[in-house]
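Just below is one structure, and these are the notes that go with it.
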Amino acid sequence: MLYLFKLLILLLISSNVDAKIIFQSKDREIIFGKVINNKSNQAISNVNIVNKQNLTMGTISDKNGSFSIEEEINFPVTLEFSHIGFKNKLVTVDSTNASNLKVYMTQSAIEMPQLNVTATRSLKKYDELPSQIKIITEKEIIDSGVSNLNDLFFMKSGFNFEPSMGPSPSIQFFGMDSKSLLILYDGQPIIGKFNNRLSLDQILLHQIEKIEIIKGSSSSLHGSEAMAGVVNIISKKLTNYKKIDFGVKYQNSQSKFIQSQSLAKPNGSIYGSYNDKIGKIAFSVSTQFENINDFDPLELFEIDNISKRNFIFQMNWKRSKKNIFSLKLNNHQQNERGLSKIISVNTDIIRNALVLNHKIKKLDQSIVINDYSRKYLKERISDVVLQKNIAKEKSLEYEIIYNSKFANSELTSGYEIRLLDYTSGRIKNKQQDITNQSFFGQYNRTIKDSLSAFFGFRYDDYSEYEKVFNPSVGLVKNYEKMVLRFNWGKGFRSPSFLERFIDWNHAQYNYTVRGNENLKPEYSEGYTLGMDFTLNNKYEVSVSGHHTKYKNLIESINVGPGLLSYINLENAINYSFELNQTLKAAENTNIDFIFLASKRLNDNSTILPNSNPVSFTISINHNFKDLRFIFFSKWFAKFKLYEINIENEQYLFTGNYMDSRTVSSLVLQKKINDITNLKFGLSNIENQINERFGPYDGRRLFIELQSFF
């Protein structure tokens, strides 16, 4: 707590210094206006509006298209208006038009990406970045009809199924293990992994504004686990007006949907949020309740019922355009219950997160506190305890970032200190502590009007590992209709607590996993080449190739009958290629094609196990009046399964195959009125089920009602 006390004092001091400056400034102006579709003459809501001379000043339009900016403004100013599905527009505002501004925006044929804030830890446009980036918009999330983030990622470019023995779906990213993919929530890492996999249940889909997926090594800015890339899940911005939304959703497997007892114990969720503003303080409260019963895959893991509860509170205090406080509280509770005639199994998971952020001029500093606990109890009906375990993970992080812009260049630098604490009855020494200090920076410069270069680095000092230095270099070249990108970088991943210290027994499958305290961190060196091309605003193609070389790659092995452990392989190489196409087939029809091929090899050119070599995805999005039709289908090629020989650490064929398969979904969305939508969906239409490797659930049906005002 001493660390937290000192950091709070630092935040208060910086706030008081700026408060004096604000007190002395009295010059304030107000800009009023409305954003209108120039074709239909209808108002456009949720338009992002920023001051080009000061990107920290801005707002969004309300449901009537209206907006207002009350700041210390030196006229004239240039405002940029951006919205998915519309062409960006620049408008110069002075004292003559500030009080009644009307902005007409033109729809674009292909929905282009929004502004991006992740890759360089500063505000950058998509076509200014050297990394290949996919942006999943709020509209795409709503249209997808999915109930969780794993299903959403599965539909998008770069992601494939990863064969898994656990109840949570695992993913591969461009052929690489999901352990090499860093997942952030509003720019901050999420703690609390089980079986080395991160559950994303604590993130509410209806509260996500967009998701940025960075393809390629990003450890030079984000540290451990970012060898394959980074996913940053960004929550919705607080609005300057009152906003309420809520919804209910019902879903179940086909085999039980038609049974009467299923209706009495539904698989479904209810969610809602309230957003408002009092003075200079904007705030929102969001919640979601989800219940899962009578679901086929639960029976495989001694679970009969899962209940989840989420609560999120956010607050922004905008003292001025250069002095902004924000607070975010997140609470997630999950209870899993299993009961047979002789045994009961209970698992209780609690996640708490607090993020306190302060932006003052060019400085951005945050305090992040995460607390995760998982209680597992297995006992006989006679109250005889068979297995009991409590695992707790805590982290305290302080981060400060400085951003400075010059005529044709920009410098972003920062410092992080992170304290990690893990406690579990399965750890030999009961508790482990790790302190990590990091320095990072990135400098980008425009060499010519259409050519920019990026140089980055990160230095990490771990209390239990050797020091790590990760550089990166990037180039981006812009033409009128084409963007060329190149990115090279080094990365690393530190061994997890599970891999190093935990011995545990998987009773369902009758095997034991033993930790290896001597594991070394993984290292990588990779580069990405990419090209984006747009033709007549009706056809867009993105091509990217990825090459990543690993050292000390951590893999699980058999060390005896029913006994697994972990080792460092000498070297491994991953190749991947992706072709992503978007076609505006008609005024109201978009068609997307994604082809992905990948291969993972060890030193002897032997394919590493359980890799999806080829997948092909097609999605169709069509509007007809008030009805939206979304079809998605993903095909996986057949591939062989492998096992490792402990004597020579080489992978051998098992003789078993994962058969080729297709997984499709269909969503119909009906606009009932201006504030209500009704959605009907069917996922896994082919009814694919694999009880060992997944997917575990068969065909699923859902009905969802959404309302907002």
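Going through the structure tokens in order, the chains are called A, B, and so on, while each chain numbers its residues from 1 and the ligands are numbered from 1 in the order shown.
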*Would you list, as a list in words, the residues of region 492-527 of chain A that end up in helix (DSSP H, G or I) under DSSP run on this structure's backbone?*
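Selection result, helix (DSSP H, G or I) within region 492-527 of chain A: Phe497, Leu498, Glu499, Arg500 and Phe501 of chain A.
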*asked:* Quick one: residues within 7 Å of Ala353 (chain A), only C-alpha atoms, excluding same-chain residues fewer than 3 positions away - as a PyMOL selection string?
replied: chain A and resi 329-331+369-371
*Can you pull out every residue within 8 Å of region 373-378 of chain A, counting only C-alpha atoms, but drop anything in the same chain fewer than 5 positions away, and send it as a PyMOL selection string?*
chain A and resi 192+343-351+385-393
If you take only C-alpha atoms and a cut-off of 9 Å, which residues of region 523-638 of chain A touch region 143-155 of chain A, and what are their nearest atom pairs and distances in Å to one decimal, in chain and number order, as CSV?
```
residue,atom,partner,partner_atom,distance
A:Thr617,CA,A:Met155,CA,7.8
A:Ser619,CA,A:Met155,CA,8.8
A:Asn621,CA,A:Asp143,CA,8.6
A:Arg628,CA,A:Asp143,CA,8.2
A:Phe629,CA,A:Asp143,CA,8.6
A:Ile630,CA,A:Asp143,CA,7.0
A:Phe631,CA,A:Ser144,CA,8.8
A:Phe632,CA,A:Met155,CA,7.6
A:Ser633,CA,A:Met155,CA,8.2
A:Lys634,CA,A:Met155,CA,7.5
```
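The residue set within 12 Å of Phe680 (chain A), counting only C-alpha atoms and dropping same-chain residues fewer than 3 places from it, reads Asp143, Ser144, Gly145, Val146, Lys249, Tyr250, Gln251, Leu627, Arg628, Phe629, Ile630, Ser665, Leu666, Val667, Leu668, Gln669, Lys670, Lys671, Asn677, Ser683, Arg700, Leu701, Phe702, Ile703, Glu704, Leu705 and Gln706 of chain A.
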*Mind pulling up the distance from CA of Arg418 (chain A) to CA of Glu399 (chain A)?*
8.6 Å
Extract, using only C-alpha atoms, all DNA, RNA and protein residues at most 10 Å from Glu522 (chain A), discarding same-chain residues fewer than 6 positions from it, and format them as a short mmCIF file (atom, residue, chain, number, x, y, z; two decimals) with N, CA, C and O atoms, in the first residue's frame.
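Contents of the output file result-v4.cif:
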```cif
data_model
loop_
_atom_site.label_atom_id
_atom_site.label_comp_id
_atom_site.auth_asym_id
_atom_site.auth_seq_id
_atom_site.Cartn_x
_atom_site.Cartn_y
_atom_site.Cartn_z
N SER A 180 0.91 -16.20 -27.00
CA SER A 180 1.77 -15.17 -27.60
C SER A 180 1.00 -13.92 -27.99
O SER A 180 1.56 -13.01 -28.59
N SER A 224 5.72 -8.33 -22.35
CA SER A 224 5.53 -9.77 -22.41
C SER A 224 4.21 -10.14 -23.08
O SER A 224 3.21 -9.44 -22.96
N GLU A 225 4.25 -11.28 -23.80
CA GLU A 225 3.10 -11.92 -24.45
C GLU A 225 2.71 -11.28 -25.78
O GLU A 225 1.83 -11.78 -26.47
N MET A 227 4.23 -11.19 -28.63
CA MET A 227 5.08 -11.67 -29.72
C MET A 227 4.31 -11.82 -31.03
O MET A 227 4.84 -11.56 -32.10
N GLY A 491 10.52 -9.81 -29.54
CA GLY A 491 9.52 -9.96 -28.49
C GLY A 491 9.93 -11.01 -27.48
O GLY A 491 10.93 -11.71 -27.64
N PHE A 492 9.14 -11.12 -26.42
CA PHE A 492 9.40 -12.14 -25.40
C PHE A 492 8.12 -12.46 -24.65
O PHE A 492 7.14 -11.72 -24.71
N ARG A 493 8.13 -13.59 -23.97
CA ARG A 493 7.04 -13.97 -23.06
C ARG A 493 7.64 -14.65 -21.85
O ARG A 493 8.37 -15.65 -21.96
N SER A 494 7.36 -14.12 -20.67
CA SER A 494 7.86 -14.74 -19.44
C SER A 494 7.00 -15.94 -19.08
O SER A 494 5.78 -15.93 -19.32
N PRO A 495 7.58 -17.01 -18.53
CA PRO A 495 6.79 -18.19 -18.15
C PRO A 495 5.71 -17.81 -17.14
O PRO A 495 5.91 -16.96 -16.28
N TYR A 550 11.18 -18.26 -33.08
CA TYR A 550 11.13 -18.36 -31.63
C TYR A 550 12.39 -19.04 -31.08
O TYR A 550 12.96 -19.93 -31.72
N LYS A 551 12.77 -18.62 -29.89
CA LYS A 551 13.82 -19.29 -29.12
C LYS A 551 13.26 -19.60 -27.74
O LYS A 551 12.57 -18.79 -27.14
N ASN A 552 13.56 -20.79 -27.23
CA ASN A 552 13.07 -21.24 -25.92
C ASN A 552 11.55 -21.37 -25.88
O ASN A 552 10.92 -21.14 -24.84
N LEU A 553 10.93 -21.73 -27.01
CA LEU A 553 9.48 -21.89 -27.06
C LEU A 553 9.03 -22.91 -26.01
O LEU A 553 9.58 -24.01 -25.92
N ILE A 554 8.04 -22.56 -25.20
CA ILE A 554 7.57 -23.42 -24.11
C ILE A 554 6.45 -24.32 -24.64
O ILE A 554 5.46 -23.83 -25.19
N ASN A 568 11.54 -26.03 -22.55
CA ASN A 568 11.89 -25.04 -23.57
C ASN A 568 12.44 -25.75 -24.79
O ASN A 568 13.44 -26.46 -24.70
N LEU A 569 11.78 -25.60 -25.95
CA LEU A 569 12.34 -26.10 -27.19
C LEU A 569 13.45 -25.15 -27.64
O LEU A 569 13.47 -23.97 -27.28
N GLU A 570 14.38 -25.65 -28.43
CA GLU A 570 15.49 -24.81 -28.87
C GLU A 570 15.00 -23.66 -29.75
O GLU A 570 15.17 -22.51 -29.45
N ASN A 571 14.36 -24.00 -30.86
CA ASN A 571 13.91 -22.98 -31.81
C ASN A 571 12.63 -23.44 -32.49
O ASN A 571 12.34 -24.64 -32.56
#
```
*Select, from A:Val77, A:Met105, A:Val47, A:Leu563, the residue with the minimum atom-to-atom distance to Lys89 (chain A), counting only C-alpha atoms.*
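Of A:Val77, A:Met105, A:Val47, A:Leu563, the one nearest Lys89 (chain A) is A:Met105, counting only C-alpha atoms.
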_Distance query region 48-52 of chain A at most 6 Å, only C-alpha atoms, self and fewer than 2 positions along chain excluded, as a list of chain:residue names_ =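 Everything that qualifies: A:Asn54, A:Leu55, A:Met57, A:Gly58, A:Thr59, A:Ile60, A:Thr78, A:Leu79, A:Glu80, A:Phe81, A:Ser82.
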Selection file, all heavy atoms, as a compact mmCIF listing (two decimals), in the first residue's frame:
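Wrote it out as again12.txt, contents follow:
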```
# COMPACT_ATOMS: atom_id res chain seq x y z
N ASN A 54 -5.62 20.24 -31.38
CA ASN A 54 -5.51 19.70 -30.02
C ASN A 54 -6.40 18.47 -29.93
O ASN A 54 -7.60 18.57 -29.69
CB ASN A 54 -5.93 20.75 -28.99
CG ASN A 54 -5.84 20.23 -27.57
OD1 ASN A 54 -5.36 19.13 -27.34
ND2 ASN A 54 -6.31 21.01 -26.62
N LEU A 55 -5.82 17.28 -30.12
CA LEU A 55 -6.59 16.05 -30.23
C LEU A 55 -7.25 15.64 -28.92
O LEU A 55 -8.09 14.74 -28.90
CB LEU A 55 -5.68 14.92 -30.73
CG LEU A 55 -5.13 15.11 -32.15
CD1 LEU A 55 -4.22 13.96 -32.53
CD2 LEU A 55 -6.25 15.26 -33.17
N MET A 57 -9.18 17.60 -27.27
CA MET A 57 -10.44 18.34 -27.21
C MET A 57 -11.39 17.77 -28.24
O MET A 57 -11.07 17.68 -29.43
CB MET A 57 -10.21 19.82 -27.50
CG MET A 57 -11.44 20.69 -27.28
SD MET A 57 -11.22 22.38 -27.89
CE MET A 57 -11.77 22.19 -29.58
N GLY A 58 -12.57 17.38 -27.80
CA GLY A 58 -13.54 16.82 -28.73
C GLY A 58 -14.79 16.35 -28.04
O GLY A 58 -14.95 16.48 -26.83
N THR A 59 -15.70 15.76 -28.82
CA THR A 59 -16.95 15.25 -28.30
C THR A 59 -17.54 14.30 -29.32
O THR A 59 -16.88 13.97 -30.32
CB THR A 59 -17.93 16.42 -28.01
OG1 THR A 59 -19.10 15.91 -27.40
CG2 THR A 59 -18.31 17.14 -29.30
N ILE A 60 -18.77 13.81 -29.10
CA ILE A 60 -19.49 13.01 -30.08
C ILE A 60 -20.90 13.56 -30.20
O ILE A 60 -21.43 14.16 -29.25
CB ILE A 60 -19.52 11.51 -29.73
CG1 ILE A 60 -20.26 11.28 -28.40
CG2 ILE A 60 -18.14 10.93 -29.67
CD1 ILE A 60 -20.46 9.83 -28.08
N THR A 78 -9.84 23.93 -36.58
CA THR A 78 -10.25 22.95 -37.58
C THR A 78 -10.76 21.70 -36.87
O THR A 78 -10.03 21.08 -36.10
CB THR A 78 -9.09 22.58 -38.52
OG1 THR A 78 -8.63 23.75 -39.18
CG2 THR A 78 -9.54 21.56 -39.56
N LEU A 79 -12.03 21.36 -37.10
CA LEU A 79 -12.63 20.16 -36.50
C LEU A 79 -12.68 19.04 -37.54
O LEU A 79 -13.01 19.27 -38.70
CB LEU A 79 -14.04 20.46 -36.01
CG LEU A 79 -14.21 21.54 -34.94
CD1 LEU A 79 -15.68 21.68 -34.54
CD2 LEU A 79 -13.35 21.25 -33.72
N GLU A 80 -12.36 17.83 -37.08
CA GLU A 80 -12.47 16.66 -37.95
C GLU A 80 -13.65 15.81 -37.49
O GLU A 80 -13.75 15.44 -36.32
CB GLU A 80 -11.19 15.82 -37.94
CG GLU A 80 -11.30 14.61 -38.87
CD GLU A 80 -10.01 13.83 -38.97
OE1 GLU A 80 -9.31 13.71 -37.95
OE2 GLU A 80 -9.70 13.34 -40.07
N PHE A 81 -14.54 15.47 -38.42
CA PHE A 81 -15.73 14.67 -38.15
C PHE A 81 -15.51 13.29 -38.78
O PHE A 81 -15.22 13.18 -39.98
CB PHE A 81 -16.97 15.32 -38.74
CG PHE A 81 -17.31 16.65 -38.12
CD1 PHE A 81 -16.60 17.80 -38.45
CD2 PHE A 81 -18.34 16.75 -37.20
CE1 PHE A 81 -16.90 19.02 -37.87
CE2 PHE A 81 -18.65 17.96 -36.61
CZ PHE A 81 -17.94 19.10 -36.94
N SER A 82 -15.63 12.22 -37.96
CA SER A 82 -15.41 10.86 -38.48
C SER A 82 -16.49 9.93 -37.94
O SER A 82 -16.93 10.06 -36.79
CB SER A 82 -14.02 10.36 -38.10
OG SER A 82 -13.87 10.28 -36.70
```
*Between A:Leu129, A:Ile312, A:Leu601, A:Leu221, single out the one closest to Lys477 (chain A), counting only C-alpha atoms.*
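Of the candidates, the smallest distance to Lys477 (chain A) is held by A:Leu129.
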*Tell me, as a list in words, which residues lie within 7 Å of Ser131 (chain A), counting only C-alpha atoms; anything in the same chain fewer than 4 positions away does not count.*
Ile214, Lys215, Gly216, Arg485, Phe486 and Asn487 of chain A
Please produce a file of those selected residues containing all heavy atoms, as an mmCIF file, in the first residue's frame.
```cif
data_model
loop_
_atom_site.group_PDB
_atom_site.id
_atom_site.type_symbol
_atom_site.label_atom_id
_atom_site.label_comp_id
_atom_site.auth_asym_id
_atom_site.auth_seq_id
_atom_site.Cartn_x
_atom_site.Cartn_y
_atom_site.Cartn_z
ATOM 1 N N ILE A 214 -3.691 -5.693 -33.563
ATOM 2 C CA ILE A 214 -2.400 -5.382 -34.178
ATOM 3 C C ILE A 214 -1.718 -6.693 -34.543
ATOM 4 O O ILE A 214 -1.520 -7.560 -33.689
ATOM 5 C CB ILE A 214 -1.507 -4.578 -33.225
ATOM 6 C CG1 ILE A 214 -2.239 -3.316 -32.766
ATOM 7 C CG2 ILE A 214 -0.190 -4.220 -33.887
ATOM 8 C CD1 ILE A 214 -1.482 -2.535 -31.734
ATOM 9 N N LYS A 215 -1.343 -6.841 -35.789
ATOM 10 C CA LYS A 215 -0.742 -8.070 -36.280
ATOM 11 C C LYS A 215 0.766 -7.911 -36.336
ATOM 12 O O LYS A 215 1.270 -7.023 -37.015
ATOM 13 C CB LYS A 215 -1.306 -8.410 -37.664
ATOM 14 C CG LYS A 215 -2.831 -8.453 -37.710
ATOM 15 C CD LYS A 215 -3.359 -8.541 -39.124
ATOM 16 C CE LYS A 215 -4.875 -8.456 -39.161
ATOM 17 N NZ LYS A 215 -5.411 -8.519 -40.538
ATOM 18 N N GLY A 216 1.486 -8.775 -35.622
ATOM 19 C CA GLY A 216 2.938 -8.706 -35.604
ATOM 20 C C GLY A 216 3.474 -8.343 -34.233
ATOM 21 O O GLY A 216 2.753 -7.875 -33.354
ATOM 22 N N ARG A 485 3.286 -1.460 -45.997
ATOM 23 C CA ARG A 485 3.737 -1.455 -44.606
ATOM 24 C C ARG A 485 4.836 -2.493 -44.395
ATOM 25 O O ARG A 485 4.805 -3.584 -44.969
ATOM 26 C CB ARG A 485 2.583 -1.776 -43.655
ATOM 27 C CG ARG A 485 1.323 -0.957 -43.886
ATOM 28 C CD ARG A 485 0.210 -1.432 -42.962
ATOM 29 N NE ARG A 485 -1.091 -0.954 -43.393
ATOM 30 C CZ ARG A 485 -1.653 0.180 -43.010
ATOM 31 N NH1 ARG A 485 -0.995 0.966 -42.183
ATOM 32 N NH2 ARG A 485 -2.845 0.535 -43.445
ATOM 33 N N PHE A 486 5.774 -2.153 -43.524
ATOM 34 C CA PHE A 486 6.812 -3.094 -43.093
ATOM 35 C C PHE A 486 7.059 -2.877 -41.606
ATOM 36 O O PHE A 486 7.169 -1.746 -41.141
ATOM 37 C CB PHE A 486 8.118 -2.884 -43.859
ATOM 38 C CG PHE A 486 9.282 -3.632 -43.255
ATOM 39 C CD1 PHE A 486 9.434 -4.994 -43.477
ATOM 40 C CD2 PHE A 486 10.199 -2.980 -42.443
ATOM 41 C CE1 PHE A 486 10.496 -5.696 -42.906
ATOM 42 C CE2 PHE A 486 11.268 -3.671 -41.872
ATOM 43 C CZ PHE A 486 11.411 -5.026 -42.111
ATOM 44 N N ASN A 487 7.137 -3.985 -40.864
ATOM 45 C CA ASN A 487 7.396 -3.887 -39.435
ATOM 46 C C ASN A 487 8.293 -5.040 -38.999
ATOM 47 O O ASN A 487 8.037 -6.201 -39.330
ATOM 48 C CB ASN A 487 6.086 -3.915 -38.644
ATOM 49 C CG ASN A 487 6.293 -3.603 -37.177
ATOM 50 O OD1 ASN A 487 6.798 -2.540 -36.822
ATOM 51 N ND2 ASN A 487 5.918 -4.522 -36.314
#
```
*Please return as number ranges by chain: the residues of region 326-491 of chain A that backbone DSSP assigns to strand (DSSP E).*
A: 326-339, 343-360, 363-380, 385-405, 409-424, 431-448, 451-462, 468-478, 482-491
*Which residue out of A:Val614, A:Ile31, A:Ala282, A:Ile620 has the minimum interatomic distance to Lys638 (chain A) when only C-alpha atoms are used?*
A:Val614
*Kindly indicate which residue among A:Ile183, A:Ala637, A:Ile401, A:Ile367 lies nearest to Val663 (chain A), using only C-alpha atoms for the distances.*
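Among A:Ile183, A:Ala637, A:Ile401, A:Ile367, it is A:Ala637 that comes nearest to Val663 (chain A).
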*Which residue, A:Tyr402, A:Trp488, A:Phe616, A:Phe708, has the smallest gap to Tyr271 (chain A) when you use only C-alpha atoms?*
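Counting only C-alpha atoms, the residue closest to Tyr271 (chain A) is A:Phe708.
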*Measuring atom to atom with only C-alpha atoms, identify which of A:Lys193, A:Lys520, A:Lys584, A:Lys490 is nearest to His547 (chain A).*
A:Lys490
